[in-house]
6 protein chains.
Amino acid sequence: MSTNEKKVAVFRKEHFNAAHRLFNPAWDDQKNAEVFGKCSNPHYHGHNYELVVQVTGTPDPATGYVMDMKVLSKITAEEVIERFDHKNLNLDTEFFQKLNPTAENIVIVIYNLLRTRIDAKLELKVRLHETERNFVEYPA
Amino acid sequence: MSTNEKKVAVFRKEHFNAAHRLFNPAWDDQKNAEVFGKCSNPHYHGHNYELVVQVTGTPDPATGYVMDMKVLSKITAEEVIERFDHKNLNLDTEFFQKLNPTAENIVIVIYNLLRTRIDAKLELKVRLHETERNFVEYPA
Amino acid sequence: MSTNEKKVAVFRKEHFNAAHRLFNPAWDDQKNAEVFGKCSNPHYHGHNYELVVQVTGTPDPATGYVMDMKVLSKITAEEVIERFDHKNLNLDTEFFQKLNPTAENIVIVIYNLLRTRIDAKLELKVRLHETERNFVEYPA
Amino acid sequence: MSTNEKKVAVFRKEHFNAAHRLFNPAWDDQKNAEVFGKCSNPHYHGHNYELVVQVTGTPDPATGYVMDMKVLSKITAEEVIERFDHKNLNLDTEFFQKLNPTAENIVIVIYNLLRTRIDAKLELKVRLHETERNFVEYPA
Amino acid sequence: MSTNEKKVAVFRKEHFNAAHRLFNPAWDDQKNAEVFGKCSNPHYHGHNYELVVQVTGTPDPATGYVMDMKVLSKITAEEVIERFDHKNLNLDTEFFQKLNPTAENIVIVIYNLLRTRIDAKLELKVRLHETERNFVEYPA
Amino acid sequence: MSTNEKKVAVFRKEHFNAAHRLFNPAWDDQKNAEVFGKCSNPHYHGHNYELVVQVTGTPDPATGYVMDMKVLSKITAEEVIERFDHKNLNLDTEFFQKLNPTAENIVIVIYNLLRTRIDAKLELKVRLHETERNFVEYPA
């Protein structure tokens with residue numbers, strides 16, 4: 001029996017906790033409060049972000065792996081968790097000085113960080129849960 | 001700094017509780033019982049329905065939002081939750097007088113209700129969990 | 001090495017789906033609506049009830065079991081699931097003709113049904129989840 | 001059939017998102033960093049706090065309720081969610097100016113806020129989940 | 001009101017518990033240990049595998065079903081659960097004598113077992129959770 | 001500002017994956033099969049065990065901690081996870097050579113391993129989930 005021609009997707013779930021506020025620096029505080037409501041509270045609030053990294057390809061016949069999950073977890077730790085865990089996304093990272101840290105923008109930043117580290121022949125998709133009820137996926 | 005060309009999907013989870021029975025009015029009770037088993041119990045049974053609304057598009061550069069989740073939640077409340085929550089789907093709604101309220105048919109009805117309220121340039125998909133072990137998605 | 005003198009609690013989770021309405025037959029419809037709101041909708045609504053049965057005792061040295069989970073699951077199926085699953089609690093069961101099927105009253109009924117079938121030297125407790133956010137436990 | 005003499009516990013789950021840092025103002029930054037590690041990051045981090053409020057008593061024979069969950073949810077919203085949701089616990093609340101906002105101290109503060117609003121004949125217990133893997137309960 | 005032209009996906013979740021070890025018989029023990037680490041422990045380890053079977057098609061107008069979930073559950077029990085539940089995947093099944101039982105290879109085997117039993121006009125996809133943090137999907 | 005007199009319970013959740021079979025060496029294979037069914041399969045099966053360690057005491061006024069969760073997690077890793085993760089409980093550990101590795105016996109062994117490492121003035125309780133539907137707690 002041999003492995004199939006079709007591709008397999010593998011998923012790895014990771015977590016980080018961070019503070020943020022939604023804020024467009026081109027707007028004054030009043031406009032930010034109107035658009036983002038309590039999510040723009042000047043002293044920040046925070047979330048337990050849950051991250052699901054999806055890598056798609058053909059399993060290697062020798063290992064049966066699309067990609068070693070231990071390696072995927074290590075890359076995610078180096079590129080994402082070490083940068084964002086227990087941090088203030090607006091103040092402690094270089095990414096959200098000018099870019100509003102909405103779930104949409106965070107998931108694009110995470111995708112770009114991981115994309116450089118994952119073999120180009122593998123497809124990459126990232127899902128980010130901001131709360132139990134709000135989550136995003138990129139690319140859609 | 002610029003957002004990526006690719007699209008982002010945003011998801012919002014909501015809940016409602018409802019009673020229903022599976023029933024094809026073109027069939028007699030015996031035939032309904034044969035096909036639908038205990039799901040056709042004449043006095044109804046019920047579920048905690050869990051609804052996940054997925055909207056896909058390009059984040060607005062000013063807000064970083066594909067769509068404001070507060071607006072998506074409000075539209076879902078007006079179109080779905082107010083109509084279905086704590087209701088008998090067969091008796092208390094206009095949709096399932098003649099249409100059998102299977103998970104498949106409910107998710108199509110919910111999609112059609114939401115589609116008219118979501119900007120046409122955004123893609124829409126709906127997932128509906130009937131139990132922890134049975135769920136449906138539309139369009140597939 | 002021998003097992004410890006202290007007692008161990010074992011838990012078994014089961015599920016059933018049912019319709020109900022909150023209703024005190026001593027009150028008229030208006031009073032029921034005032035007190036129970038949408039939970040008193042005359043055409044019923046429903047839930048995926050999640051049941052956790054807890055039995056506490058000393059493990060049998062020969063089996064290492066407080067109680068065989070297969071037996072506990074079978075008893076729960078016979079006493080609870082067969083009576084309540086895919087049923088209307090108000091109309092299809094003998095228990096809630098006059099007793100209001102609140103989560104509190106349902107969990108007491110389930111406890112009493114199971115208590116007669118579980119060895120008297122074992123302690124029994126029942127938890128019932130009505131929704132993800134509302135649940136009850138008896139005896140407290 | 002009548003309700004049982006034994007007490008029933010009812011549980012209501014609520015959520016809030018907040019930023020915090022662990023910090024003892026009697027210590028300098030270096031000592032705080034040694035003791036609390038990344039949890040003491042000066043720019044704060046955050047969590048999706050999940051709160052479970054447990055109230056124990058005898059069901060009212062007229063309603064079948066230990067306590068109306070709608071009332072319990074409203075009290076929790078007024079006393080806890082409005083104060084803490086989308087806030088910085090250290091800066092935006094009066095409670096953690098001098099008291100370190102560990103999960104232990106937060107759950108005690110929440111208990112004390114709710115205790116004044118719940119009928120004295122009912123027992124109260126509060127569980128607070130800080131992450132999926134860390135949670136606390138008071139009183140134990 | 002009629003059902004829509006677009007397709008609906010239905011999902012059914014099932015479970016099995018099994019032991020396995022990752023092992024490529026073309027390699028010696030040292031090489032297997034280097035590549036697979038503790039997952040290659042010679043005495044096996046195990047998982048609670050969670051399986052989600054997804055079937056996509058157009059609902060039958062008479063039943064409102066894409067496929068009867070009771071039938072899908074029965075087929076999954078016969079083809080997958082009876083073969084794998086409480087088994088050693090390497091020793092007790094014919095599939096992983098020479099094929100390494102990685103999540104990727106297991107999900108392909110399960111897909112092939114189910115594909116022969118599901119109507120060819122319906123699309124099939126299988127998701128397999130090996131742990132809470134590692135899962136796979138086929139075809140991707 | 002002072003912490004309350006009552007005690008706080010803190011909980012830490014950890015995971016390990018292991019193989020086992022239920023087996024009483026005083027019985028022959030037939031008797032073991034009769035009593036334990038498929039759980040006694042000679043080639044083992046396995047689980048994703050989920051462990052919740054509960055420690056109860058009074059928060060330290062200086063730290064606000066009952067016990068540092070980082071320390072509790074480290075002790076659990078050293079005493080439990082390193083011993084049991086990716087192991088065969090019957091063959092690879094000293095504890096279940098003669099003691100049947102039921103959930104009840106495993107949770108008692110884990111409690112005894114942790115008890116020696118946790119300050120005697122703190123109460124200890126352990127919950128072990130063998131599957132999503134079966135779990136145990138010790139002491140009860």
# chains A, B, ... in the order shown; residues from 1 in each chain; ligands from 1
$ residues_around --residues "stretch 112-120 of chain D" --least-positions-apart "2" --cutoff "8 Å" --atoms "only C-alpha atoms" --output "list in words"
Ile75, Thr76, Glu79, Val80, Ile108, Val109, Ile110, Leu122, Glu123 and Leu124 of chain D
$ write_last_selection --atoms "C-alpha atoms" --output "mmCIF file, in the first residue's frame"
data_model
loop_
_atom_site.group_PDB
_atom_site.id
_atom_site.type_symbol
_atom_site.label_atom_id
_atom_site.label_comp_id
_atom_site.auth_asym_id
_atom_site.auth_seq_id
_atom_site.Cartn_x
_atom_site.Cartn_y
_atom_site.Cartn_z
ATOM 1 C CA ILE D 75 -25.629 41.176 38.696
ATOM 2 C CA THR D 76 -22.378 39.722 37.326
ATOM 3 C CA GLU D 79 -20.493 44.194 39.351
ATOM 4 C CA VAL D 80 -17.759 42.482 37.318
ATOM 5 C CA ILE D 108 -11.248 37.178 45.826
ATOM 6 C CA VAL D 109 -12.147 40.702 44.630
ATOM 7 C CA ILE D 110 -14.862 39.295 42.340
ATOM 8 C CA LEU D 122 -27.346 31.326 49.281
ATOM 9 C CA GLU D 123 -23.753 30.075 49.231
ATOM 10 C CA LEU D 124 -21.400 31.635 46.686
#
$ residues_around --residues "C:His86" --least-positions-apart "2" --cutoff "9 Å" --atoms "only C-alpha atoms" --output "mmCIF file with C-alpha atoms, in the first residue's frame"
data_model
loop_
_atom_site.group_PDB
_atom_site.id
_atom_site.type_symbol
_atom_site.label_atom_id
_atom_site.label_comp_id
_atom_site.auth_asym_id
_atom_site.auth_seq_id
_atom_site.Cartn_x
_atom_site.Cartn_y
_atom_site.Cartn_z
ATOM 1 C CA LYS B 38 -36.568 9.540 16.987
ATOM 2 C CA CYS B 39 -35.781 12.855 15.244
ATOM 3 C CA SER B 40 -39.411 12.828 14.075
ATOM 4 C CA ASN B 41 -40.921 12.518 17.580
ATOM 5 C CA TYR B 44 -40.475 17.824 19.245
ATOM 6 C CA HIS B 45 -36.987 17.734 20.744
ATOM 7 C CA GLY B 46 -34.349 20.464 20.704
ATOM 8 C CA PHE C 16 -29.325 13.836 25.360
ATOM 9 C CA ASN C 17 -31.347 16.304 23.292
ATOM 10 C CA ALA C 18 -34.779 17.376 24.475
ATOM 11 C CA ALA C 19 -37.477 20.034 24.171
ATOM 12 C CA ILE C 81 -31.085 8.616 27.992
ATOM 13 C CA GLU C 82 -33.878 6.251 26.879
ATOM 14 C CA ARG C 83 -36.422 8.278 28.864
ATOM 15 C CA PHE C 84 -35.324 11.797 27.861
ATOM 16 C CA ASN C 88 -40.418 16.690 25.017
#
$ atom_distance --atom1 "atom CA of D:Ala103" --atom2 "atom CA of C:Val136"
24.2 Å
$ select_by_dssp --residues "stretch 28-105 of chain E" --states "alpha helix (DSSP H)" --output "compact mmCIF listing (two decimals) with C-alpha atoms, in the first residue's frame"
# COMPACT_ATOMS: atom_id res chain seq x y z
CA ASP E 29 16.31 1.64 15.85
CA GLN E 30 18.90 4.39 16.25
CA LYS E 31 17.85 6.14 13.03
CA ASN E 32 14.16 5.80 14.00
CA ALA E 33 14.91 7.33 17.41
CA GLU E 34 16.82 10.21 15.79
CA VAL E 35 13.98 11.07 13.40
CA PHE E 36 10.90 10.35 15.50
CA MET E 69 -25.94 11.05 9.53
CA LYS E 70 -27.08 7.75 11.10
CA VAL E 71 -25.87 5.93 7.97
CA LEU E 72 -22.63 7.90 7.89
CA SER E 73 -22.03 7.08 11.56
CA LYS E 74 -22.74 3.37 10.93
CA ILE E 75 -20.36 3.22 7.96
CA THR E 76 -17.65 4.95 9.99
CA GLU E 82 -14.24 -1.48 14.70
CA ARG E 83 -10.85 -1.79 12.99
CA PHE E 84 -8.91 0.75 15.07
CA LEU E 89 -2.19 0.30 14.95
CA ASN E 90 1.22 -1.22 14.16
CA LEU E 91 0.45 -4.76 15.35
CA ASP E 92 -3.33 -5.26 15.21
CA ALA E 103 -1.38 11.10 11.43
CA GLU E 104 -0.90 11.84 7.71
CA ASN E 105 -0.82 8.15 6.77
$ closest_atom_pairs --of "chain D" --to "chain C" --cutoff "7 Å" --atoms "only C-alpha atoms" --output "JSON lines"
{"residue": "D:Thr3", "atom": "CA", "partner": "C:Asn105", "partner_atom": "CA", "distance": 6.9}
{"residue": "D:Lys6", "atom": "CA", "partner": "C:Pro139", "partner_atom": "CA", "distance": 5.9}
{"residue": "D:Lys7", "atom": "CA", "partner": "C:Ala140", "partner_atom": "CA", "distance": 5.4}
{"residue": "D:Val8", "atom": "CA", "partner": "C:Tyr138", "partner_atom": "CA", "distance": 5.0}
{"residue": "D:Ala9", "atom": "CA", "partner": "C:Glu137", "partner_atom": "CA", "distance": 5.1}
{"residue": "D:Val10", "atom": "CA", "partner": "C:Val136", "partner_atom": "CA", "distance": 4.3}
{"residue": "D:Phe11", "atom": "CA", "partner": "C:Phe135", "partner_atom": "CA", "distance": 5.1}
{"residue": "D:Arg12", "atom": "CA", "partner": "C:Asn134", "partner_atom": "CA", "distance": 5.0}
{"residue": "D:Lys13", "atom": "CA", "partner": "C:Arg133", "partner_atom": "CA", "distance": 4.7}
{"residue": "D:Thr56", "atom": "CA", "partner": "C:Ala140", "partner_atom": "CA", "distance": 6.8}
{"residue": "D:Pro59", "atom": "CA", "partner": "C:Glu104", "partner_atom": "CA", "distance": 6.9}
{"residue": "D:Gly64", "atom": "CA", "partner": "C:Thr102", "partner_atom": "CA", "distance": 5.9}
{"residue": "D:Tyr65", "atom": "CA", "partner": "C:Glu104", "partner_atom": "CA", "distance": 6.5}
$ write_last_selection --atoms "all heavy atoms" --output "compact mmCIF listing (two decimals), in the first residue's frame"
# COMPACT_ATOMS: atom_id res chain seq x y z
N THR D 3 -39.73 18.51 45.25
CA THR D 3 -38.28 18.70 45.16
C THR D 3 -37.64 18.17 46.43
O THR D 3 -38.27 18.07 47.47
CB THR D 3 -37.93 20.19 44.98
OG1 THR D 3 -38.49 20.90 46.07
CG2 THR D 3 -38.46 20.71 43.67
N LYS D 6 -32.14 18.24 49.70
CA LYS D 6 -30.74 18.59 49.50
C LYS D 6 -30.60 19.82 48.62
O LYS D 6 -31.49 20.13 47.84
CB LYS D 6 -30.00 17.41 48.86
CG LYS D 6 -29.83 16.23 49.80
CD LYS D 6 -29.29 15.03 49.03
CE LYS D 6 -29.38 13.76 49.85
NZ LYS D 6 -29.30 12.57 48.98
N LYS D 7 -29.46 20.49 48.74
CA LYS D 7 -29.25 21.72 47.99
C LYS D 7 -28.76 21.44 46.57
O LYS D 7 -28.12 20.43 46.30
CB LYS D 7 -28.24 22.59 48.73
CG LYS D 7 -28.84 23.21 49.99
CD LYS D 7 -27.88 24.12 50.70
CE LYS D 7 -28.58 24.79 51.87
NZ LYS D 7 -27.65 25.64 52.64
N VAL D 8 -29.06 22.39 45.68
CA VAL D 8 -28.62 22.34 44.30
C VAL D 8 -27.66 23.51 44.07
O VAL D 8 -27.92 24.62 44.55
CB VAL D 8 -29.81 22.45 43.31
CG1 VAL D 8 -29.32 22.43 41.87
CG2 VAL D 8 -30.82 21.34 43.55
N ALA D 9 -26.59 23.28 43.34
CA ALA D 9 -25.70 24.37 42.92
C ALA D 9 -26.04 24.76 41.49
O ALA D 9 -26.22 23.88 40.64
CB ALA D 9 -24.24 23.94 43.01
N VAL D 10 -26.16 26.06 41.22
CA VAL D 10 -26.34 26.53 39.84
C VAL D 10 -25.11 27.34 39.46
O VAL D 10 -24.52 28.02 40.28
CB VAL D 10 -27.62 27.39 39.67
CG1 VAL D 10 -28.85 26.56 40.03
CG2 VAL D 10 -27.57 28.65 40.50
N PHE D 11 -24.72 27.21 38.17
CA PHE D 11 -23.49 27.83 37.68
C PHE D 11 -23.82 28.69 36.46
O PHE D 11 -24.60 28.26 35.59
CB PHE D 11 -22.47 26.77 37.23
CG PHE D 11 -22.08 25.78 38.27
CD1 PHE D 11 -22.92 24.74 38.63
CD2 PHE D 11 -20.84 25.84 38.89
CE1 PHE D 11 -22.56 23.80 39.58
CE2 PHE D 11 -20.45 24.91 39.83
CZ PHE D 11 -21.31 23.89 40.19
N ARG D 12 -23.19 29.86 36.39
CA ARG D 12 -23.35 30.74 35.23
C ARG D 12 -21.96 31.18 34.76
O ARG D 12 -21.17 31.69 35.57
CB ARG D 12 -24.19 31.96 35.62
CG ARG D 12 -24.30 33.03 34.57
CD ARG D 12 -25.20 32.64 33.42
NE ARG D 12 -25.02 33.55 32.29
CZ ARG D 12 -25.56 33.37 31.10
NH1 ARG D 12 -26.33 32.34 30.84
NH2 ARG D 12 -25.33 34.22 30.13
N LYS D 13 -21.68 30.97 33.49
CA LYS D 13 -20.37 31.31 32.94
C LYS D 13 -20.43 32.66 32.22
O LYS D 13 -21.36 32.90 31.44
CB LYS D 13 -19.96 30.22 31.94
CG LYS D 13 -18.51 30.25 31.53
CD LYS D 13 -18.20 29.25 30.43
CE LYS D 13 -18.17 27.83 30.95
NZ LYS D 13 -17.60 26.88 29.93
N THR D 56 -25.46 28.29 45.52
CA THR D 56 -26.02 27.04 46.05
C THR D 56 -27.15 27.32 47.03
O THR D 56 -27.01 28.16 47.92
CB THR D 56 -24.90 26.23 46.76
OG1 THR D 56 -23.87 25.97 45.81
CG2 THR D 56 -25.45 24.92 47.30
N PRO D 59 -34.09 24.94 45.63
CA PRO D 59 -34.96 25.52 44.61
C PRO D 59 -36.27 26.03 45.20
O PRO D 59 -36.87 25.37 46.05
CB PRO D 59 -35.21 24.36 43.64
CG PRO D 59 -34.07 23.43 43.85
CD PRO D 59 -33.71 23.55 45.30
N GLY D 64 -38.96 26.65 40.68
CA GLY D 64 -37.98 25.61 40.40
C GLY D 64 -36.57 26.16 40.27
O GLY D 64 -35.67 25.44 39.87
N TYR D 65 -36.38 27.42 40.61
CA TYR D 65 -35.08 28.08 40.52
C TYR D 65 -34.41 28.17 41.89
O TYR D 65 -35.07 28.56 42.86
CB TYR D 65 -35.24 29.53 40.04
CG TYR D 65 -35.49 29.76 38.58
CD1 TYR D 65 -35.98 31.02 38.15
CD2 TYR D 65 -35.22 28.81 37.61
CE1 TYR D 65 -36.21 31.28 36.81
CE2 TYR D 65 -35.45 29.08 36.26
CZ TYR D 65 -35.94 30.32 35.87
OH TYR D 65 -36.16 30.58 34.55
$ select_by_dssp --residues "stretch 45-102 of chain D" --states "strand (DSSP E or B)" --output "PyMOL selection string"
chain D and resi 45-57+87-88
$ atom_distance --atom1 "atom CA of A:Thr93" --atom2 "atom CA of A:His20"
10.7 Å
